Amino acid sequence: MFEKGLLAGKRILITGGGSGLGAAMGRRFIELGAELVICGRRLQLLDATAAQMRGELGGKVSVIGCDIRDGAAVDAMMDQVWREAPIDVLVNNAAATFLAQTEHLSFRAADAILGPTLHGTMYCTLAAGKRWIEGNHEGVVLSILSTSTITGRAFTVPSAMAKSAVLAMTRSLAVEWGPKGVRTVAIAPGAFPTPGASGQLRPEGRDEGWAQRNPLGRAGEHGELANLASFLISDQAGYINGEMVVQDGGAHLRSSGAEDLLQWTDAQWQKQREGRIKG
């Protein structure tokens with residue numbers, strides 16, 4: 001669909017790039033000529049993913065361990081990355097969520113979601129933006145959000161709050177940083193199943209016919225999201241700024257995606273809480 005060199009010369013940092021949608025986007029960016037830096041907390045996973053990418057796709061892939069919930073760690077990571085060369089694109093992909101009845105959430109549980117999803121995204125964006133602006137270097141921030149920014153979503157309230165805040169950041173910085181050569185864009189994916197997300201959000205007992213009730217009758221494919229991301233961060237999308245593109249087959253027009261949970265029993269919720277604690 002794209003010219004092979006669409007992203008040639010771009011150096012891209014992906015948070016949470018070792019697995020799931022982060023890795024899928026990274027693979028596509030490499031195929032289109034980009035140089036990749038992936039970061040996360042699990043260095044062993046990052047190393048394995050990078051080795052696989054290099055072996056199958058070639059190209060340059062670097063890894064760096066970082067807990068983005070720690071602002072000082074993010075600043076140190078950016079210093080390390082910049083020592084070799086500035087990045088051209090930041091992809092805010094790392095996030096956390098799980099199902100819970102909101103009235104039973106502890107402060108610690110809420111912070112476990114807000115930490116990476118909101119604070120980590122903000123820390124990475126500020127750290128990259130500061131360096132781009134000081135160095136007079138153009139940049140792009142792509143944040144992976146959620147259709148909960150449109151509909152809200154019961155039982156994942158901290159995630160919906162965090163993603164909505166990042167959308168506000170995306171729109172605000174489009175105005176503030178656009179004149180300085182920095183674009184901010186976002187994607188709101190629908191269901192693009194990954195082992196991690198499915199384990200947290202599609203436990204046993206949930207409605208199993210959700211994909212068939214999507215207006216297109218299916219879930220999304222990772223390559224579809226990776227292609228959209230590739231376009232948005234490319235120079236071909238240079239006049240798109242401050243926008244969130246929804247990619248969910250039209251599902252948010254029918255449902256927020258949480259209505260089946262309104263029918264859960266206390267016993268089902270207790271089982272869900274126990275499973276999360278054990279995990």
# chains A, B, ... in the order shown; residues from 1 in each chain; ligands from 1
$ residues_around --residues "Asn241 of chain A" --least-positions-apart "6" --cutoff "10 Å" --atoms "only C-alpha atoms" --output "list in words"
Val140, Val141, Thr170, Arg171, Leu173, Ala174, Val175, Gly178, Val182, Arg183, Thr184, Val185, Ala186 and Leu232 of chain A
$ residues_around --residues "segment 151-165 of chain A" --least-positions-apart "3" --cutoff "8 Å" --atoms "only C-alpha atoms" --output "PyMOL selection string"
chain A and resi 96-102+110+113-114+117-118+145-148+168-169+252+256-259+261
$ closest_residue --among "A:Ala34, A:Pro189, A:Lys130, A:Glu138" --to "Asn93 of chain A" --atoms "only C-alpha atoms"
A:Pro189
$ select_by_dssp --residues "segment 135-274 of chain A" --states "helix (DSSP H, G or I)" --output "PyMOL selection string"
chain A and resi 148-151+157-180+195-201+222-233+235-237+251-253+259-263+266-274
$ atom_distance --atom1 "atom CA of Gly26 of chain A" --atom2 "atom CA of Leu167 of chain A"
22.2 Å
$ atom_distance --atom1 "atom CA of Gly59 of chain A" --atom2 "atom CA of Gly33 of chain A"
7.6 Å
$ atom_distance --atom1 "atom CA of Ser106 of chain A" --atom2 "atom CA of Arg273 of chain A"
11.8 Å
$ select_by_dssp --residues "segment 26-267 of chain A" --states "strand (DSSP E)" --output "count of residues only"
33
$ decode --residues "segment 120-140 of chain A" --atoms "C-alpha atoms" --output "PDB file, in the first residue's frame"
ATOM      1  CA  GLY A 120       4.228   8.007  31.447  1.00  0.00           C
ATOM      2  CA  THR A 121       2.750   9.274  28.201  1.00  0.00           C
ATOM      3  CA  MET A 122       2.996  12.861  29.408  1.00  0.00           C
ATOM      4  CA  TYR A 123       6.572  12.414  30.645  1.00  0.00           C
ATOM      5  CA  CYS A 124       7.709  10.946  27.309  1.00  0.00           C
ATOM      6  CA  THR A 125       5.927  13.628  25.305  1.00  0.00           C
ATOM      7  CA  LEU A 126       7.375  16.475  27.374  1.00  0.00           C
ATOM      8  CA  ALA A 127      10.872  15.004  27.271  1.00  0.00           C
ATOM      9  CA  ALA A 128      10.814  14.577  23.486  1.00  0.00           C
ATOM     10  CA  GLY A 129       9.094  17.888  22.802  1.00  0.00           C
ATOM     11  CA  LYS A 130      11.546  19.848  24.912  1.00  0.00           C
ATOM     12  CA  ARG A 131      14.486  18.388  23.021  1.00  0.00           C
ATOM     13  CA  TRP A 132      12.906  18.901  19.618  1.00  0.00           C
ATOM     14  CA  ILE A 133      12.068  22.528  20.310  1.00  0.00           C
ATOM     15  CA  GLU A 134      15.448  23.333  21.861  1.00  0.00           C
ATOM     16  CA  GLY A 135      17.217  21.688  18.907  1.00  0.00           C
ATOM     17  CA  ASN A 136      14.915  23.215  16.259  1.00  0.00           C
ATOM     18  CA  HIS A 137      14.127  19.658  15.132  1.00  0.00           C
ATOM     19  CA  GLU A 138      10.764  18.710  13.658  1.00  0.00           C
ATOM     20  CA  GLY A 139       8.941  15.852  15.356  1.00  0.00           C
ATOM     21  CA  VAL A 140       5.734  13.840  15.509  1.00  0.00           C
TER      22      VAL A 140
END
